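Novice: protein17.csv is reproduced in full below (CSV, C-alpha atoms and all ligand atoms).
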chain,number,residue,atom,x,y,z
A,569,GLN,CA,1.0,13.4,-32.4
A,570,SER,CA,-2.0,14.8,-30.6
A,571,ASN,CA,-0.9,17.9,-28.8
A,572,LEU,CA,1.9,18.8,-31.1
A,573,PRO,CA,1.9,22.3,-32.7
A,574,LYS,CA,0.3,22.0,-36.1
A,575,GLU,CA,3.3,23.5,-38.0
A,576,PHE,CA,5.5,21.0,-36.2
A,577,SER,CA,3.4,18.0,-37.3
A,578,GLU,CA,3.3,19.3,-40.8
A,579,LYS,CA,7.1,19.4,-40.9
A,580,TYR,CA,8.1,16.3,-38.9
A,581,LEU,CA,6.7,12.8,-38.5
A,582,ILE,CA,7.4,11.6,-34.9
A,583,THR,CA,7.9,7.8,-34.6
A,584,LYS,CA,9.3,6.2,-31.5
A,585,LYS,CA,10.8,7.1,-28.1
A,586,ILE,CA,14.6,6.7,-28.1
A,587,GLY,CA,15.6,8.2,-24.8
A,588,ALA,CA,14.0,9.5,-21.6
A,589,GLY,CA,15.4,12.1,-19.4
A,590,VAL,CA,14.4,13.8,-16.1
A,591,CYS,CA,12.8,16.7,-17.8
A,592,GLY,CA,11.3,15.2,-20.9
A,593,GLU,CA,11.9,12.5,-23.5
A,594,VAL,CA,13.7,12.1,-26.8
A,595,LYS,CA,11.9,10.8,-29.9
A,596,LEU,CA,13.0,9.7,-33.3
A,597,ALA,CA,11.4,11.8,-36.0
A,598,PHE,CA,11.6,12.2,-39.8
A,599,GLU,CA,11.7,15.6,-41.6
A,600,ARG,CA,8.9,15.0,-44.1
A,601,ALA,CA,10.4,17.0,-46.9
A,602,THR,CA,13.8,15.3,-46.8
A,603,CYS,CA,13.1,12.0,-45.0
A,604,LYS,CA,16.1,13.0,-42.8
A,605,LYS,CA,16.2,11.4,-39.4
A,606,VAL,CA,16.2,13.8,-36.4
A,607,ALA,CA,15.9,13.6,-32.7
A,608,VAL,CA,13.1,15.6,-30.9
A,609,LYS,CA,13.6,16.5,-27.3
A,610,THR,CA,10.5,17.6,-25.5
A,611,ILE,CA,10.9,19.7,-22.3
A,612,ASN,CA,7.8,19.9,-20.3
A,613,LYS,CA,7.3,23.2,-18.6
A,614,LYS,CA,4.7,21.8,-16.2
A,615,ASP,CA,7.1,19.2,-14.8
A,616,PHE,CA,8.3,21.5,-12.0
A,617,PRO,CA,5.0,23.2,-10.8
A,618,ALA,CA,6.8,24.5,-7.7
A,619,SER,CA,9.6,26.2,-9.7
A,620,LEU,CA,7.5,26.8,-12.8
A,621,GLY,CA,9.2,30.1,-13.4
A,622,THR,CA,12.7,28.7,-13.1
A,623,ALA,CA,11.9,25.8,-15.3
A,624,THR,CA,10.8,28.1,-18.1
A,625,ARG,CA,13.7,30.5,-17.5
A,626,ASN,CA,16.1,27.6,-17.4
A,627,ALA,CA,14.8,26.2,-20.7
A,628,GLU,CA,14.9,29.7,-22.3
A,629,ARG,CA,18.5,30.2,-21.2
A,630,GLU,CA,19.4,26.7,-22.4
A,631,ILE,CA,17.9,27.4,-25.8
A,632,GLN,CA,19.7,30.7,-25.9
A,633,ILE,CA,23.0,28.8,-25.2
A,634,LEU,CA,22.1,26.1,-27.7
A,635,LYS,CA,21.6,28.7,-30.4
A,636,LYS,CA,24.9,30.5,-29.6
A,637,ILE,CA,27.3,27.5,-29.5
A,638,ASP,CA,28.9,26.0,-32.6
A,639,HIS,CA,31.4,23.2,-32.1
A,640,PRO,CA,31.5,19.7,-33.6
A,641,CYS,CA,31.3,18.1,-30.1
A,642,LEU,CA,28.4,20.1,-28.8
A,643,ILE,CA,24.8,19.2,-29.7
A,644,LYS,CA,23.2,21.4,-32.4
A,645,THR,CA,19.6,22.4,-32.6
A,646,GLU,CA,17.9,22.3,-36.0
A,647,ASP,CA,14.5,23.6,-35.2
A,648,PHE,CA,12.4,24.8,-32.3
A,649,PHE,CA,8.7,24.9,-31.4
A,650,GLN,CA,6.8,25.6,-28.2
A,651,THR,CA,3.3,25.2,-26.8
A,652,ASP,CA,2.1,26.7,-23.5
A,653,ASP,CA,3.1,23.5,-21.7
A,654,SER,CA,6.2,22.1,-23.6
A,655,TYR,CA,9.2,23.0,-25.7
A,656,TYR,CA,10.0,20.8,-28.8
A,657,ILE,CA,13.6,21.0,-29.8
A,658,VAL,CA,14.7,19.3,-33.0
A,659,LEU,CA,18.3,18.1,-32.9
A,660,GLU,CA,20.7,16.2,-35.0
A,661,LEU,CA,20.2,12.5,-34.4
A,662,MET,CA,23.0,10.9,-32.5
A,663,GLU,CA,22.6,7.2,-33.6
A,664,GLY,CA,24.9,5.9,-31.0
A,665,GLY,CA,22.8,7.0,-28.1
A,666,GLU,CA,24.2,7.9,-24.7
A,667,LEU,CA,27.7,7.2,-23.5
A,668,PHE,CA,26.1,5.9,-20.3
A,669,ASP,CA,24.5,3.0,-22.2
A,670,ARG,CA,27.7,2.3,-24.2
A,671,VAL,CA,29.8,2.0,-21.0
A,672,LYS,CA,27.1,-0.2,-19.4
A,673,SER,CA,27.0,-2.6,-22.4
A,674,LYS,CA,30.8,-2.8,-22.8
A,675,ASN,CA,31.4,-2.7,-19.0
A,676,GLN,CA,34.8,-1.0,-19.6
A,677,ILE,CA,35.7,1.1,-22.7
A,678,GLU,CA,39.1,0.2,-24.3
A,679,GLU,CA,41.7,2.8,-23.3
A,680,SER,CA,42.4,4.1,-26.8
A,681,ILE,CA,38.6,4.7,-27.4
A,682,ALA,CA,38.2,6.3,-24.0
A,683,LYS,CA,41.1,8.6,-24.9
A,684,LEU,CA,39.4,9.5,-28.2
A,685,TYR,CA,36.1,10.3,-26.5
A,686,PHE,CA,37.8,12.2,-23.6
A,687,TYR,CA,39.9,14.3,-26.0
A,688,GLN,CA,36.6,15.4,-27.7
A,689,MET,CA,35.0,16.2,-24.4
A,690,LEU,CA,38.0,18.3,-23.4
A,691,LYS,CA,37.8,20.2,-26.7
A,692,ALA,CA,34.0,20.8,-26.3
A,693,VAL,CA,34.4,22.0,-22.7
A,694,GLU,CA,37.4,24.2,-23.7
A,695,TYR,CA,35.1,25.8,-26.3
A,696,LEU,CA,32.4,26.3,-23.7
A,697,HIS,CA,34.8,27.9,-21.2
A,698,ASN,CA,36.3,30.1,-23.9
A,699,ASN,CA,32.8,31.3,-24.5
A,700,GLY,CA,32.1,32.0,-20.8
A,701,ILE,CA,29.8,29.0,-20.4
A,702,ILE,CA,30.1,26.4,-17.6
A,703,HIS,CA,28.2,23.1,-18.2
A,704,ARG,CA,27.9,22.0,-14.5
A,705,ASP,CA,26.2,18.7,-15.3
A,706,LEU,CA,28.7,16.7,-17.2
A,707,LYS,CA,27.9,13.0,-16.9
A,708,PRO,CA,27.8,9.9,-19.3
A,709,GLU,CA,24.0,10.5,-19.8
A,710,ASN,CA,24.8,13.9,-21.3
A,711,VAL,CA,27.5,12.6,-23.7
A,712,LEU,CA,26.0,11.3,-27.0
A,713,LEU,CA,27.7,9.1,-29.6
A,714,SER,CA,27.2,9.8,-33.3
A,715,SER,CA,27.2,6.1,-34.3
A,716,GLN,CA,27.3,2.5,-33.1
A,717,ASP,CA,31.0,2.4,-34.1
A,718,ASP,CA,33.7,2.8,-31.4
A,719,ILE,CA,35.4,5.4,-33.5
A,720,CYS,CA,32.8,8.2,-33.6
A,721,VAL,CA,32.1,11.8,-32.8
A,722,ILE,CA,30.8,12.5,-29.3
A,723,LYS,CA,28.6,15.5,-28.5
A,724,ILE,CA,27.8,17.0,-25.1
A,725,THR,CA,24.2,17.9,-24.4
A,726,ASP,CA,21.8,19.1,-21.8
A,727,PHE,CA,22.7,22.7,-20.8
A,728,ASN,CA,19.9,22.8,-18.2
A,729,GLN,CA,22.3,23.4,-15.4
A,730,SER,CA,24.7,25.6,-17.4
A,731,LYS,CA,25.8,29.0,-16.2
A,732,ILE,CA,26.8,31.9,-18.4
A,733,LEU,CA,29.8,33.7,-16.8
A,734,GLU,CA,29.0,37.3,-17.1
A,735,GLU,CA,31.3,40.1,-15.9
A,736,SER,CA,30.3,40.4,-12.3
A,737,ALA,CA,30.6,43.4,-9.9
A,738,LEU,CA,32.8,41.1,-7.8
A,739,MET,CA,35.2,40.5,-10.7
A,740,ARG,CA,35.4,44.3,-11.3
A,741,THR,CA,36.0,44.9,-7.5
A,742,LEU,CA,38.9,42.4,-7.7
A,743,CYS,CA,40.5,44.3,-10.5
A,744,GLY,CA,40.8,47.5,-8.4
A,745,THR,CA,43.3,48.3,-5.6
A,746,PRO,CA,42.1,46.2,-2.6
A,747,THR,CA,43.2,48.9,-0.1
A,748,TYR,CA,39.9,48.9,1.8
A,749,LEU,CA,38.7,45.4,0.8
A,750,ALA,CA,37.7,42.9,3.5
A,751,PRO,CA,39.3,39.5,3.5
A,752,GLU,CA,36.1,37.5,3.0
A,753,VAL,CA,35.6,39.3,-0.4
A,754,PHE,CA,38.7,37.4,-1.6
A,755,THR,CA,37.6,34.1,-0.2
A,756,ASP,CA,34.2,34.5,-1.7
A,757,ALA,CA,36.0,35.2,-5.0
A,758,VAL,CA,37.9,31.9,-4.5
A,759,THR,CA,34.6,30.0,-4.4
A,760,VAL,CA,33.0,32.0,-7.3
A,761,GLY,CA,36.2,32.1,-9.4
A,762,TYR,CA,36.7,28.4,-9.6
A,763,SER,CA,33.3,27.4,-11.1
A,764,SER,CA,34.9,26.4,-14.4
A,765,ALA,CA,37.0,23.9,-12.5
A,766,VAL,CA,33.8,22.0,-11.6
A,767,ASP,CA,33.6,20.8,-15.2
A,768,ALA,CA,37.2,19.5,-15.0
A,769,TRP,CA,36.2,17.4,-11.9
A,770,SER,CA,33.1,16.0,-13.6
A,771,LEU,CA,35.2,15.0,-16.7
A,772,GLY,CA,37.6,13.2,-14.3
A,773,VAL,CA,34.6,11.2,-13.0
A,774,VAL,CA,33.4,10.5,-16.5
A,775,LEU,CA,36.9,9.3,-17.6
A,776,PHE,CA,37.1,7.1,-14.5
A,777,VAL,CA,33.8,5.5,-15.3
A,778,CYS,CA,34.7,4.9,-19.0
A,779,LEU,CA,38.1,3.3,-18.2
A,780,ALA,CA,37.0,1.3,-15.1
A,781,GLY,CA,33.3,0.7,-15.6
A,782,TYR,CA,32.5,1.7,-12.1
A,783,PRO,CA,32.2,5.2,-10.5
A,784,PRO,CA,34.9,6.5,-8.2
A,785,PHE,CA,32.3,7.8,-5.6
A,786,HIS,CA,29.4,5.4,-4.9
A,787,PRO,CA,27.0,4.5,-2.1
A,788,ASN,CA,28.3,1.1,-0.8
A,789,ALA,CA,32.0,1.9,-0.9
A,790,GLN,CA,34.2,0.0,1.6
A,791,THR,CA,34.9,3.3,3.4
A,792,GLY,CA,31.4,3.4,4.9
A,793,LEU,CA,31.5,7.1,4.0
A,794,SER,CA,28.5,8.8,2.4
A,795,VAL,CA,29.0,9.7,-1.3
A,796,ARG,CA,29.2,13.3,-0.3
A,797,ASP,CA,32.0,12.6,2.2
A,798,GLN,CA,33.9,10.5,-0.3
A,799,ILE,CA,33.8,13.4,-2.7
A,800,THR,CA,34.6,16.2,-0.3
A,801,GLN,CA,37.5,14.1,1.0
A,802,GLY,CA,38.5,12.9,-2.4
A,803,ILE,CA,38.4,9.3,-1.4
A,804,TYR,CA,38.2,6.7,-4.1
A,805,THR,CA,39.9,3.4,-5.0
A,806,PHE,CA,41.6,2.1,-8.2
A,807,ILE,CA,40.3,-1.5,-7.9
A,808,PRO,CA,43.3,-3.6,-9.3
A,809,SER,CA,41.2,-6.1,-11.2
A,810,LYS,CA,39.7,-3.2,-13.2
A,811,TRP,CA,42.7,-0.9,-13.5
A,812,ASP,CA,45.6,-3.4,-14.0
A,813,GLY,CA,45.5,-3.2,-17.8
A,814,ILE,CA,45.2,0.6,-17.9
A,815,SER,CA,48.3,2.9,-18.4
A,816,ASP,CA,49.8,4.9,-15.6
A,817,ASP,CA,49.4,8.1,-17.8
A,818,ALA,CA,45.6,7.5,-17.9
A,819,LYS,CA,45.5,6.9,-14.1
A,820,ASP,CA,47.6,10.1,-13.7
A,821,VAL,CA,45.0,12.2,-15.6
A,822,VAL,CA,42.2,10.9,-13.4
A,823,LYS,CA,44.3,11.6,-10.2
A,824,ARG,CA,45.0,15.1,-11.2
A,825,LEU,CA,41.4,15.9,-12.1
A,826,LEU,CA,39.9,14.3,-9.0
A,827,LEU,CA,41.7,16.7,-6.7
A,828,VAL,CA,39.5,18.3,-4.0
A,829,ASP,CA,41.4,21.6,-4.2
A,830,PRO,CA,40.2,23.3,-7.4
A,831,ASN,CA,43.4,25.3,-7.3
A,832,ALA,CA,45.5,22.2,-7.6
A,833,ARG,CA,43.1,20.4,-10.1
A,834,LEU,CA,44.1,20.3,-13.8
A,835,THR,CA,42.4,22.9,-15.9
A,836,ILE,CA,40.9,21.8,-19.2
A,837,GLU,CA,43.9,23.4,-20.9
A,838,GLU,CA,46.4,21.6,-18.7
A,839,ALA,CA,44.5,18.3,-19.3
A,840,LEU,CA,44.8,18.8,-23.0
A,841,HIS,CA,48.6,19.0,-22.6
A,842,HIS,CA,48.9,15.9,-20.3
A,843,PRO,CA,51.3,13.2,-21.7
A,844,TRP,CA,48.3,10.8,-22.0
A,845,LEU,CA,46.7,13.2,-24.5
A,846,MET,CA,50.0,13.7,-26.4
A,847,ASP,CA,49.0,11.1,-28.8
A,848,GLU,CA,49.3,12.3,-32.4
A,849,ALA,CA,47.5,9.3,-34.0
A,850,MET,CA,44.5,9.8,-31.7
A,851,LYS,CA,44.4,13.6,-32.3
A,852,GLU,CA,44.6,13.0,-36.1
A,853,THR,CA,41.7,10.6,-35.9
A,854,ALA,CA,39.7,13.0,-33.7
A,855,GLU,CA,40.3,16.0,-36.0
A,856,CYS,CA,39.3,13.8,-39.0
A,857,ILE,CA,36.0,12.8,-37.5
A,858,MET,CA,35.3,16.2,-35.9
A,859,TYR,CA,36.0,18.1,-39.1
A,860,PRO,CA,35.3,15.7,-41.9
A,861,ARG,CA,36.4,16.9,-45.3
A,862,ASP,CA,33.8,15.1,-47.4
A,863,SER,CA,34.8,14.3,-51.0
A,864,GLY,CA,33.4,17.6,-52.4
A,865,ASP,CA,35.3,19.8,-50.0
A,866,ALA,CA,38.5,17.7,-50.4
A,867,ALA,CA,38.4,17.9,-54.1
A,868,GLU,CA,37.6,21.7,-53.9
A,869,ALA,CA,40.5,22.2,-51.5
A,870,ASP,CA,42.9,20.2,-53.7
A,871,ALA,CA,41.8,22.3,-56.7
A,872,ALA,CA,42.4,25.5,-54.9
A,873,GLU,CA,45.8,24.3,-53.8
A,874,ALA,CA,46.7,23.3,-57.4
A,875,ASP,CA,45.4,26.7,-58.7
A,876,ALA,CA,47.5,28.5,-56.1
A,877,SER,CA,50.7,26.7,-57.1
A,878,THR,CA,50.1,27.4,-60.9
A,879,THR,CA,49.6,31.1,-60.3
A,880,LYS,CA,52.8,31.1,-58.1
A,881,ARG,CA,54.7,29.2,-60.8
A,882,SER,CA,53.5,31.6,-63.6
A,883,ARG,CA,54.5,34.6,-61.4
A,884,GLU,CA,58.0,33.0,-61.1
A,885,ASP,CA,58.1,32.5,-64.9
A,886,ASP,CA,57.2,36.2,-65.4
A,887,ASP,CA,59.9,37.2,-62.9
A,888,ASP,CA,62.5,35.0,-64.8
A,889,GLU,CA,61.4,36.7,-68.1
A,890,GLN,CA,61.9,40.2,-66.8
A,901,LIG,C1,17.2,20.4,-25.4
A,901,LIG,C2,18.5,20.0,-25.9
A,901,LIG,C3,19.5,19.5,-24.8
A,901,LIG,C4,19.0,18.3,-24.1
A,901,LIG,N1,18.5,18.3,-22.9
A,901,LIG,N2,18.2,19.4,-22.2
A,901,LIG,C5,17.6,19.3,-21.0
A,901,LIG,N3,17.5,18.1,-20.5
A,901,LIG,N4,17.3,20.4,-20.4
A,901,LIG,C6,19.1,17.0,-24.7
A,901,LIG,C7,19.0,15.8,-23.9
A,901,LIG,C8,19.1,14.6,-24.5
A,901,LIG,C9,19.3,14.4,-25.8
A,901,LIG,N5,19.4,13.2,-26.3
A,901,LIG,C10,19.5,12.8,-27.6
A,901,LIG,O1,19.5,13.5,-28.6
A,901,LIG,C11,19.5,11.3,-27.8
A,901,LIG,C12,19.6,10.7,-29.0
A,901,LIG,C13,19.5,9.3,-28.7
A,901,LIG,C14,19.6,8.2,-29.5
A,901,LIG,C15,19.4,6.9,-28.9
A,901,LIG,O2,19.5,5.7,-29.5
A,901,LIG,C16,19.7,5.8,-30.9
A,901,LIG,C17,19.3,6.8,-27.5
A,901,LIG,C18,19.2,8.0,-26.7
A,901,LIG,C19,19.4,9.2,-27.4
A,901,LIG,N6,19.3,10.5,-26.8
A,901,LIG,C20,19.4,15.6,-26.7
A,901,LIG,C21,19.3,16.8,-26.1
Will you turn the file into structure tokens for me?

Specialist:
Amino acid sequence: QSNLPKEFSEKYLITKKIGAGVCGEVKLAFERATCKKVAVKTINKKDFPASLGTATRNAEREIQILKKIDHPCLIKTEDFFQTDDSYYIVLELMEGGELFDRVKSKNQIEESIAKLYFYQMLKAVEYLHNNGIIHRDLKPENVLLSSQDDICVIKITDFNQSKILEESALMRTLCGTPTYLAPEVFTDAVTVGYSSAVDAWSLGVVLFVCLAGYPPFHPNAQTGLSVRDQITQGIYTFIPSKWDGISDDAKDVVKRLLLVDPNARLTIEEALHHPWLMDEAMKETAECIMYPRDSGDAAEADAAEADASTTKRSREDDDDEQ
């Protein structure tokens, strides 16, 4: 509690460390006024003395993104403080911790649960892409679970590597008539244009790890290839003992996301329409936990509905009378 900003300590009581990341740690805290549990992520500015400037710029951009986004499967900030050497970001507490630890403890996640989590990740990344944001660092450590239950809301976090897609001069150039345009301008475009596909690839890796309990690209693979070569050549194995009980539809989603050619890879949109995700029961469950209508709202909604039908009926009665 020592070097915390005074107004922070007055508002929150920090208790224990609950998670540790590369650029800071996560602590459990209580909002003194309400006794509500929250998570506090500290991001140390000094951690990267070499790139001090970028660390601060990154954090500022991340906080700008965090304040702008609003989706049930993206982490929400509740408060924000800074000192000259750290940022303190107050977040909703995700009691289930990181997906990384859940996969580790369960070894493999049951297919129907993996599908529920994956659907929520797709909806979150669909929202980011529709808002011109690419995450670029999707991994199980950056997916948080709202509770210890299997059926729970997931939230994507850590926008440290995220990029905001702004209208670039290159994009404007590509809209005009290319009469005098050199060929490499197009190929450069190909590399720049596909950046949102990087998130689709990463989600493919996350899905693979959830379903199989091991990563598709890893150091001591039989191939003797470096991880980098396995990735650039798209070489991975469905180990039978791990994949036998898993549906062909699930395997197909993974195969179509882990395609080296970004052009051929499933987009987030296409993944949402893959047969494996055409599961009404799962989607209903997801919508229910993502957009809970707690009793108040439900009662209110029903009342509004009832009211609407009475006015409609009375109008009909009036019409009958005329
Ligand atoms: C600053 C907001 C984005 C962010 N990281 N950003 C970054 N690394 N630059 C970030 C990174 C990690 C977390 N983690 C958590 O909130 C969290 C809650 C939690 C609970 C746990 O057990 C109950 C265990 C780990 C947990 N991590 C929240 C936000």

Novice: For Ile633 of chain A, which residue among A:Asp816, A:Asp726, A:Asp797, A:Asp653 is the nearest when counting only C-alpha atoms?

Specialist: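 Looking at the shortest contact to Ile633 of chain A, the residue is A:Asp726.
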
Novice: Considering only C-alpha atoms and all ligand atoms, can you say which of A:Ala682, A:Met739, A:Leu749, A:Leu634 comes closest to ligand LIG 901 (chain A)?

Specialist: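 So, comparing all the options, the nearest one is A:Leu634.
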
Novice: Given all atoms listed in the file as the basis, pick out the residue of A:Lys635, A:Arg796, A:Lys579, A:Lys574 nearest to ligand LIG 901 (chain A).

Specialist: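 Nearest to ligand LIG 901 (chain A): A:Lys635.
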
Novice: Between atom CA of Ala780 of chain A and atom CA of Cys856 of chain A, what is the spacing in Å?

Specialist: 27.1 Å

Novice: Could the residues that lie within 9 Å of ligand LIG 901 (chain A), counting all atoms listed in the file, be listed as a PyMOL selection string?

Specialist: chain A and resi 585-596+606-611+626-627+630-631+634+643-645+655-666+669+709-716+724-729

Novice: Which one of A:Tyr782, A:Phe576, A:Tyr685, A:Phe668 sits closest to Asp647 of chain A if you count all atoms listed in the file?

Specialist: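 Closest to Asp647 of chain A of all the choices is A:Phe576.
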
Novice: Name the closest residue to Gly802 of chain A among the candidates A:Pro830, A:Asp817, A:Ser577, A:Ile857; distances are taken between atoms, counting all atoms listed in the file.

Specialist: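 Counting all atoms listed in the file, the residue closest to Gly802 of chain A is A:Pro830.
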
Novice: Find the residues near Gln676 of chain A: any atom within 7 Å, counting only C-alpha atoms, skip ones fewer than 3 places away on the same chain, and give them as a list of chain:residue names.

Specialist: A:Val671, A:Cys778, A:Leu779, A:Ala780, A:Gly781

Novice: Between atom CA of Ile719 of chain A and atom CA of Leu845 of chain A, what is the spacing in Å?

Specialist: 16.4 Å

Novice: In Å, with one decimal, what is the gap from atom CA of Ile799 of chain A to atom CA of Thr622 of chain A?

Specialist: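 It comes out at 28.1 Å.
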
Novice: Please determine the residues with any atom at most 10 Å from (34.3, 24.2, -22.8) (coordinates as given in the file, with only C-alpha atoms counting) and report them as an NGL selection string.

Specialist: :A and (639 or 641-642 or 689-703 or 724 or 764 or 767-768 or 836-837)

Novice: Using only C-alpha atoms - which residues lie no farther than 12 Å from the point (35.9, 12.9, 1.1) in the file's frame? Write them as a list in words.

Specialist: Pro784, Phe785, His786, Ala789, Thr791, Gly792, Leu793, Ser794, Val795, Arg796, Asp797, Gln798, Ile799, Thr800, Gln801, Gly802, Ile803, Tyr804, Thr805, Leu826, Leu827, Val828 and Asp829 of chain A

Novice: Working from the structure I just supplied, which lacks atoms in segment 593-613 of chain A, can you model N, CA and C atoms there and output them as an mmCIF file, in the coordinates of the input?

Specialist:
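Generated output (out_6.cif):
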data_model
loop_
_atom_site.group_PDB
_atom_site.id
_atom_site.type_symbol
_atom_site.label_atom_id
_atom_site.label_comp_id
_atom_site.auth_asym_id
_atom_site.auth_seq_id
_atom_site.Cartn_x
_atom_site.Cartn_y
_atom_site.Cartn_z
ATOM 1 N N GLU A 593 11.362 13.726 -22.816
ATOM 2 C CA GLU A 593 11.900 12.500 -23.500
ATOM 3 C C GLU A 593 12.426 12.903 -24.863
ATOM 4 N N VAL A 594 13.085 11.906 -25.479
ATOM 5 C CA VAL A 594 13.700 12.100 -26.800
ATOM 6 C C VAL A 594 12.993 11.145 -27.763
ATOM 7 N N LYS A 595 12.504 11.657 -28.875
ATOM 8 C CA LYS A 595 11.900 10.800 -29.900
ATOM 9 C C LYS A 595 12.564 10.872 -31.194
ATOM 10 N N LEU A 596 12.478 9.765 -31.937
ATOM 11 C CA LEU A 596 13.000 9.700 -33.300
ATOM 12 C C LEU A 596 11.944 10.360 -34.203
ATOM 13 N N ALA A 597 12.371 11.231 -35.109
ATOM 14 C CA ALA A 597 11.400 11.800 -36.000
ATOM 15 C C ALA A 597 12.025 11.925 -37.427
ATOM 16 N N PHE A 598 11.159 12.080 -38.414
ATOM 17 C CA PHE A 598 11.600 12.200 -39.800
ATOM 18 C C PHE A 598 11.172 13.601 -40.290
ATOM 19 N N GLU A 599 12.097 14.315 -40.930
ATOM 20 C CA GLU A 599 11.700 15.600 -41.600
ATOM 21 C C GLU A 599 10.976 15.178 -42.858
ATOM 22 N N ARG A 600 9.713 15.471 -42.970
ATOM 23 C CA ARG A 600 8.900 15.000 -44.100
ATOM 24 C C ARG A 600 9.502 15.350 -45.422
ATOM 25 N N ALA A 601 9.969 16.566 -45.555
ATOM 26 C CA ALA A 601 10.400 17.000 -46.900
ATOM 27 C C ALA A 601 11.668 16.263 -47.350
ATOM 28 N N THR A 602 12.539 15.883 -46.390
ATOM 29 C CA THR A 602 13.800 15.300 -46.800
ATOM 30 C C THR A 602 13.955 13.824 -46.366
ATOM 31 N N CYS A 603 13.012 13.354 -45.554
ATOM 32 C CA CYS A 603 13.100 12.000 -45.000
ATOM 33 C C CYS A 603 14.322 11.880 -44.055
ATOM 34 N N LYS A 604 14.921 13.000 -43.684
ATOM 35 C CA LYS A 604 16.100 13.000 -42.800
ATOM 36 C C LYS A 604 15.678 12.607 -41.402
ATOM 37 N N LYS A 605 16.470 11.755 -40.754
ATOM 38 C CA LYS A 605 16.200 11.400 -39.400
ATOM 39 C C LYS A 605 16.667 12.459 -38.423
ATOM 40 N N VAL A 606 15.837 12.817 -37.453
ATOM 41 C CA VAL A 606 16.200 13.800 -36.400
ATOM 42 C C VAL A 606 15.797 13.290 -35.062
ATOM 43 N N ALA A 607 16.313 13.949 -34.014
ATOM 44 C CA ALA A 607 15.900 13.600 -32.700
ATOM 45 C C ALA A 607 15.015 14.837 -32.200
ATOM 46 N N VAL A 608 13.937 14.561 -31.477
ATOM 47 C CA VAL A 608 13.100 15.600 -30.900
ATOM 48 C C VAL A 608 13.085 15.506 -29.423
ATOM 49 N N LYS A 609 13.611 16.518 -28.748
ATOM 50 C CA LYS A 609 13.600 16.500 -27.300
ATOM 51 C C LYS A 609 12.464 17.380 -26.823
ATOM 52 N N THR A 610 11.597 16.794 -26.011
ATOM 53 C CA THR A 610 10.500 17.600 -25.500
ATOM 54 C C THR A 610 10.886 17.978 -24.039
ATOM 55 N N ILE A 611 10.716 19.229 -23.685
ATOM 56 C CA ILE A 611 10.900 19.700 -22.300
ATOM 57 C C ILE A 611 9.620 20.202 -21.789
ATOM 58 N N ASN A 612 9.065 19.474 -20.799
ATOM 59 C CA ASN A 612 7.800 19.900 -20.300
ATOM 60 C C ASN A 612 7.929 21.042 -19.317
ATOM 61 N N LYS A 613 7.188 22.089 -19.534
ATOM 62 C CA LYS A 613 7.300 23.200 -18.600
ATOM 63 C C LYS A 613 6.614 22.906 -17.289
#
